[in-house]
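Working notes, structure below.
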Amino acid sequence: MPTALITGVTGQDGSYLAELLMSKGYEVIGMVRHSSTMNFERILHIQDQIEIIQGDLHDQGSLVNIIEEHHPDEVYNLAAQSFVPVSWNQPVLTGEVTALGVTRLLEAIRLVSPKTHFYQASSSEMFGKVQEVPQSERTPFYPRSPYGVSKVYSHWITINYRESYEMYASSGILFNHESPRRGLEFVTRKITQGVARIKFGMSKELRLGNLEAQRDWGFAGDYVEAMWLMLQQDRANDYVIGSGETHSVREFCQVAFEVVDLDYKEYVVQDEKFYRPAEVDLLISDPSKAKNELGWEPKVSFKQLVSMMVESDLSNLNNKKN
Ligand code: NAP
Ligand code: G4F
């Protein structure tokens, strides 16, 4: 039975990846950071089937101990401070975790278990002020936030460990992926929960920032499969993972409100508070390398994704009401 370590197992992607790996017969070890309250909402349904261990990307010793104890065949590094606006308020913490944390983990693997296959969660935020449309593995980076800058560092340190030490270290440049498990502060989930609240008369309006930003949105459940495929290849490599389509935040609102037969224009209010110091205006992927080499393609369409998220939030709120 292969063993996989997932950092960030309590996050959106960690929960889907844990489910996928278990379905493939892996023993899954999930690293969680210490907290005074449990934060296992996304993995409650599987927490008895995975081994939960404590560790933190801030703490080198904890990472070395975990690798020493488990010698995982595969490590998926999904842990990060992943919310872009917070990265301007906490740029040092973001750099410590999202950038240097990756070096700490790579060092632990290099010293203790150098044959382990390593996956790094890189991001389309690295393209930032895009230098090319659509964006592929060859597109130069121009990050626009401390988060994006941190991800560029972590991307290159992954490549550097691959080239310096011949480690199997791959990097997935994933475009935005969402789900009913998405954090409430990200725009898609904020919209779908907002739609449900308005439908049930719990809110009168939905306050958002820049409606013109465009993103290449897919379903997280599809994207974790690409992570696994990357670590099954003969050689480590980097892959862009996305849908190849782009939609604006405005369009997301329109489709989400239409699911409940409402017109977004009557409820969405633009609020300066949610604008960013520097914006990423347009993201759209060219995922052809992943299609050709991994045989990966997304299954859930944009409209299916929006409906899935709205329906889930309607059902969540309905259950809470009853
Ligand atoms: P997420 O829901 O925000 O999950 C982040 C995870 O990292 C959580 O489990 C969090 O733990 C953990 N974490 C934070 N700081 C940590 C620390 N110091 N030590 C150990 N764990 C820590 O993120 P996601 O959407 O699943 O994304 C997974 C990864 O993919 C992230 O690296 C993200 O930057 C990257 N990414 C995401 C997308 C996307 O669209 N979702 C696209 C490209 C790349 P707590 O639960 O304790 O907070
Ligand atoms: O949902 P978002 O916060 O996601 P963002 O910034 O694109 O980052 C996500 O995707 C990245 C991959 O490209 C990941 F690496 C990262 O970890 C994260 O998962 O914002 C999307 C867009 C932005 O242009 C933002 O300005 O929505 C716009 N927006 C408009 N109103 C808003 C809001 N974003 C948020 N969070 N809240 C708003 O009220």
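How things are named: the first chain in the structure tokens is A, the next is B, and so on; residues count from 1 in each chain; ligands count from 1 in the order shown.
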
For segment 103-106 of chain A, find every residue with an atom within 10 Å (counting only C-alpha atoms), except residues of its own chain fewer than 6 positions away, and show them as an mmCIF file with C-alpha atoms, in the first residue's frame.
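around.cif, freshly written:
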```cif
data_model
loop_
_atom_site.group_PDB
_atom_site.id
_atom_site.type_symbol
_atom_site.label_atom_id
_atom_site.label_comp_id
_atom_site.auth_asym_id
_atom_site.auth_seq_id
_atom_site.Cartn_x
_atom_site.Cartn_y
_atom_site.Cartn_z
ATOM 1 C CA THR A 7 0.070 19.039 3.961
ATOM 2 C CA ASP A 56 3.691 23.208 10.640
ATOM 3 C CA LEU A 57 5.469 24.639 7.603
ATOM 4 C CA HIS A 58 7.026 27.168 9.986
ATOM 5 C CA ASP A 59 8.748 24.401 11.903
ATOM 6 C CA GLN A 60 11.599 22.504 10.233
ATOM 7 C CA GLY A 61 11.903 19.928 13.026
ATOM 8 C CA SER A 62 8.255 18.903 12.777
ATOM 9 C CA LEU A 63 8.660 18.274 9.031
ATOM 10 C CA VAL A 64 11.848 16.217 9.466
ATOM 11 C CA ILE A 67 9.215 12.355 6.990
ATOM 12 C CA VAL A 75 4.228 14.206 -0.576
ATOM 13 C CA ASN A 77 2.399 20.158 -0.427
ATOM 14 C CA GLU A 96 7.311 32.331 5.630
ATOM 15 C CA VAL A 97 4.633 29.733 4.924
ATOM 16 C CA VAL A 112 15.600 11.956 5.063
ATOM 17 C CA SER A 113 13.783 10.432 2.081
ATOM 18 C CA PRO A 114 15.215 11.738 -1.212
ATOM 19 C CA PHE A 118 7.019 15.677 -4.272
ATOM 20 C CA GLN A 120 4.118 21.591 -5.143
ATOM 21 C CA TYR A 153 9.662 31.519 -5.120
ATOM 22 C CA SER A 154 8.168 28.155 -4.161
ATOM 23 C CA ILE A 157 12.781 26.290 -5.442
ATOM 24 C CA THR A 158 10.897 23.132 -6.447
ATOM 25 C CA TYR A 161 15.731 20.949 -5.965
ATOM 26 C CA ARG A 162 14.806 18.820 -8.956
ATOM 27 C CA MET A 167 14.764 14.845 -6.701
ATOM 28 C CA ALA A 169 9.742 17.319 -7.578
#
```

Within 10 Å of Pro298 of chain A, counting only C-alpha atoms, which residues qualify if same-chain residues fewer than 4 places away don't, as a ChimeraX atom specification? /A:218-223,225-226,241-244,287,291

Taking only C-alpha atoms and all ligand atoms and a cut-off of 8 Å, can you tell me which residues surround ligand 1, written as a PyMOL selection string? chain A and resi 7-15+31-35+39-40+55-58+77-83+97-98+101+120-125+151+173-178+182-183+217+220

Given only C-alpha atoms and all ligand atoms, how would the per-residue table for chain A near ligand 2 read, listing every residue at most 7 Å away with its closest atom pair and distance in Å to one decimal, sorted by chain and number, as a Markdown table?
```
| residue | atom | partner | partner_atom_place_in_ligand_line | distance |
| --- | --- | --- | --- | --- |
| A:Ser82 | CA | ligand 2 | 17 (O) | 3.9 |
| A:Phe83 | CA | ligand 2 | 17 (O) | 5.3 |
| A:Val84 | CA | ligand 2 | 6 (O) | 5.1 |
| A:Ser123 | CA | ligand 2 | 15 (F) | 4.4 |
| A:Ser124 | CA | ligand 2 | 13 (O) | 4.2 |
| A:Glu125 | CA | ligand 2 | 13 (O) | 4.4 |
| A:Leu174 | CA | ligand 2 | 12 (C) | 6.4 |
| A:Phe175 | CA | ligand 2 | 13 (O) | 4.8 |
| A:Asn176 | CA | ligand 2 | 12 (C) | 4.2 |
| A:Glu185 | CA | ligand 2 | 36 (N) | 5.4 |
| A:Phe186 | CA | ligand 2 | 1 (O) | 3.7 |
| A:Val187 | CA | ligand 2 | 1 (O) | 3.8 |
| A:Thr188 | CA | ligand 2 | 1 (O) | 5.8 |
| A:Lys190 | CA | ligand 2 | 37 (N) | 6.9 |
| A:Arg207 | CA | ligand 2 | 39 (O) | 6.3 |
| A:Leu208 | CA | ligand 2 | 39 (O) | 3.7 |
| A:Gly209 | CA | ligand 2 | 31 (N) | 3.4 |
| A:Asn210 | CA | ligand 2 | 30 (C) | 4.2 |
| A:Leu211 | CA | ligand 2 | 30 (C) | 5.4 |
| A:Ala213 | CA | ligand 2 | 24 (O) | 4.6 |
| A:Gln214 | CA | ligand 2 | 24 (O) | 6.7 |
| A:Arg215 | CA | ligand 2 | 7 (O) | 6.8 |
| A:Val249 | CA | ligand 2 | 27 (O) | 5.9 |
| A:Phe274 | CA | ligand 2 | 39 (O) | 5.1 |
| A:Tyr275 | CA | ligand 2 | 26 (O) | 5.8 |
| A:Arg276 | CA | ligand 2 | 26 (O) | 6.1 |
| A:Glu279 | CA | ligand 2 | 24 (O) | 6.1 |
| A:Val280 | CA | ligand 2 | 24 (O) | 5.8 |
| A:Asp281 | CA | ligand 2 | 24 (O) | 6.3 |
```

Any idea what's packed within 8 Å of Glu245 of chain A, counting only C-alpha atoms, ignoring anything in its chain fewer than 5 positions away? Could you give it as a count of residues only? 4

Between A:Leu282, A:Val260, A:Leu294, A:Ala196, which has the minimum distance to Asp234 of chain A (counting only C-alpha atoms)? A:Leu294

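Here atom CA of Ser136 of chain A stands at a distance of 6.1 Å from atom CA of Val240 of chain A.
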
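Distance annotation: of A:Ile6, A:Val102, A:Ile191, A:Met22, the residue with the minimal separation from Ile159 of chain A is A:Val102; atom set is only C-alpha atoms.
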
Give me, as a PyMOL selection string, the residues of segment 14-247 of chain A that a backbone DSSP run labels alpha helix (DSSP H). chain A and resi 14-23+60-70+86-89+91-94+101-112+146-165+187-199+220-230

Å distance separating atom CA of Lys265 of chain A from atom CA of Lys129 of chain A, one decimal place: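 Value for the atom CA of Lys265 of chain A-atom CA of Lys129 of chain A distance: 28.5 Å.
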
Would you mind reading off the distance between atom CA of Met227 of chain A and atom CA of Glu297 of chain A, one decimal, in Å?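 Atom-to-atom, atom CA of Met227 of chain A and atom CA of Glu297 of chain A are spaced 12.2 Å apart.
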
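Using only C-alpha atoms, the contacts of Arg197 of chain A at a cut-off of 10 Å, with sequence neighbours closer than 3 positions omitted, comprise Ile191, Thr192, Gln193, Gly194, Phe200, Gly201, Met202, Ser203, Lys204, Glu205, Leu206, Asp313, Leu314, Leu317 and Asn318 of chain A.
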
Output for the residues just chosen: N, CA, C and O atoms as a short mmCIF file (atom, residue, chain, number, x, y, z; two decimals), in the first residue's frame:
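For reference, part32.cif as written:
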```
data_model
loop_
_atom_site.label_atom_id
_atom_site.label_comp_id
_atom_site.auth_asym_id
_atom_site.auth_seq_id
_atom_site.Cartn_x
_atom_site.Cartn_y
_atom_site.Cartn_z
N ILE A 191 -20.14 34.47 -3.41
CA ILE A 191 -21.31 34.71 -4.27
C ILE A 191 -22.37 33.63 -4.05
O ILE A 191 -23.55 33.93 -3.84
N THR A 192 -21.96 32.35 -4.07
CA THR A 192 -22.99 31.30 -4.01
C THR A 192 -23.66 31.28 -2.63
O THR A 192 -24.86 31.07 -2.53
N GLN A 193 -22.89 31.56 -1.57
CA GLN A 193 -23.54 31.63 -0.26
C GLN A 193 -24.42 32.87 -0.18
O GLN A 193 -25.51 32.82 0.40
N GLY A 194 -23.94 33.97 -0.80
CA GLY A 194 -24.74 35.20 -0.83
C GLY A 194 -26.06 34.98 -1.55
O GLY A 194 -27.12 35.44 -1.09
N PHE A 200 -33.21 33.03 0.71
CA PHE A 200 -33.94 32.69 1.94
C PHE A 200 -34.31 33.94 2.77
O PHE A 200 -34.73 33.82 3.92
N GLY A 201 -34.07 35.11 2.21
CA GLY A 201 -34.43 36.35 2.92
C GLY A 201 -33.52 36.68 4.09
O GLY A 201 -33.86 37.48 4.96
N MET A 202 -32.34 36.06 4.13
CA MET A 202 -31.41 36.33 5.25
C MET A 202 -30.49 37.52 4.96
O MET A 202 -29.86 38.05 5.87
N SER A 203 -30.33 37.89 3.69
CA SER A 203 -29.55 39.08 3.31
C SER A 203 -30.32 39.83 2.24
O SER A 203 -31.11 39.25 1.50
N LYS A 204 -30.00 41.14 2.16
CA LYS A 204 -30.70 41.95 1.15
C LYS A 204 -29.79 42.27 -0.04
O LYS A 204 -30.25 42.64 -1.11
N GLU A 205 -28.46 42.19 0.19
CA GLU A 205 -27.52 42.56 -0.87
C GLU A 205 -26.25 41.73 -0.73
O GLU A 205 -26.02 41.07 0.29
N LEU A 206 -25.41 41.81 -1.77
CA LEU A 206 -24.12 41.11 -1.76
C LEU A 206 -23.06 42.13 -2.16
O LEU A 206 -23.10 42.65 -3.29
N ASP A 313 -25.08 25.44 -1.26
CA ASP A 313 -25.30 26.48 -0.25
C ASP A 313 -26.78 26.61 0.11
O ASP A 313 -27.12 26.88 1.27
N LEU A 314 -27.65 26.41 -0.87
CA LEU A 314 -29.09 26.41 -0.56
C LEU A 314 -29.40 25.29 0.43
O LEU A 314 -30.10 25.49 1.43
N LEU A 317 -28.01 26.01 4.01
CA LEU A 317 -28.80 27.00 4.78
C LEU A 317 -30.15 26.43 5.15
O LEU A 317 -30.67 26.68 6.23
N ASN A 318 -30.72 25.65 4.23
CA ASN A 318 -32.02 25.03 4.51
C ASN A 318 -31.91 24.11 5.72
O ASN A 318 -32.76 24.13 6.60
#
```

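Nearest residue to Lys303 of chain A, choosing from A:Asp286, A:Glu107, A:Glu258, A:Asp271 and counting only C-alpha atoms: A:Glu258.
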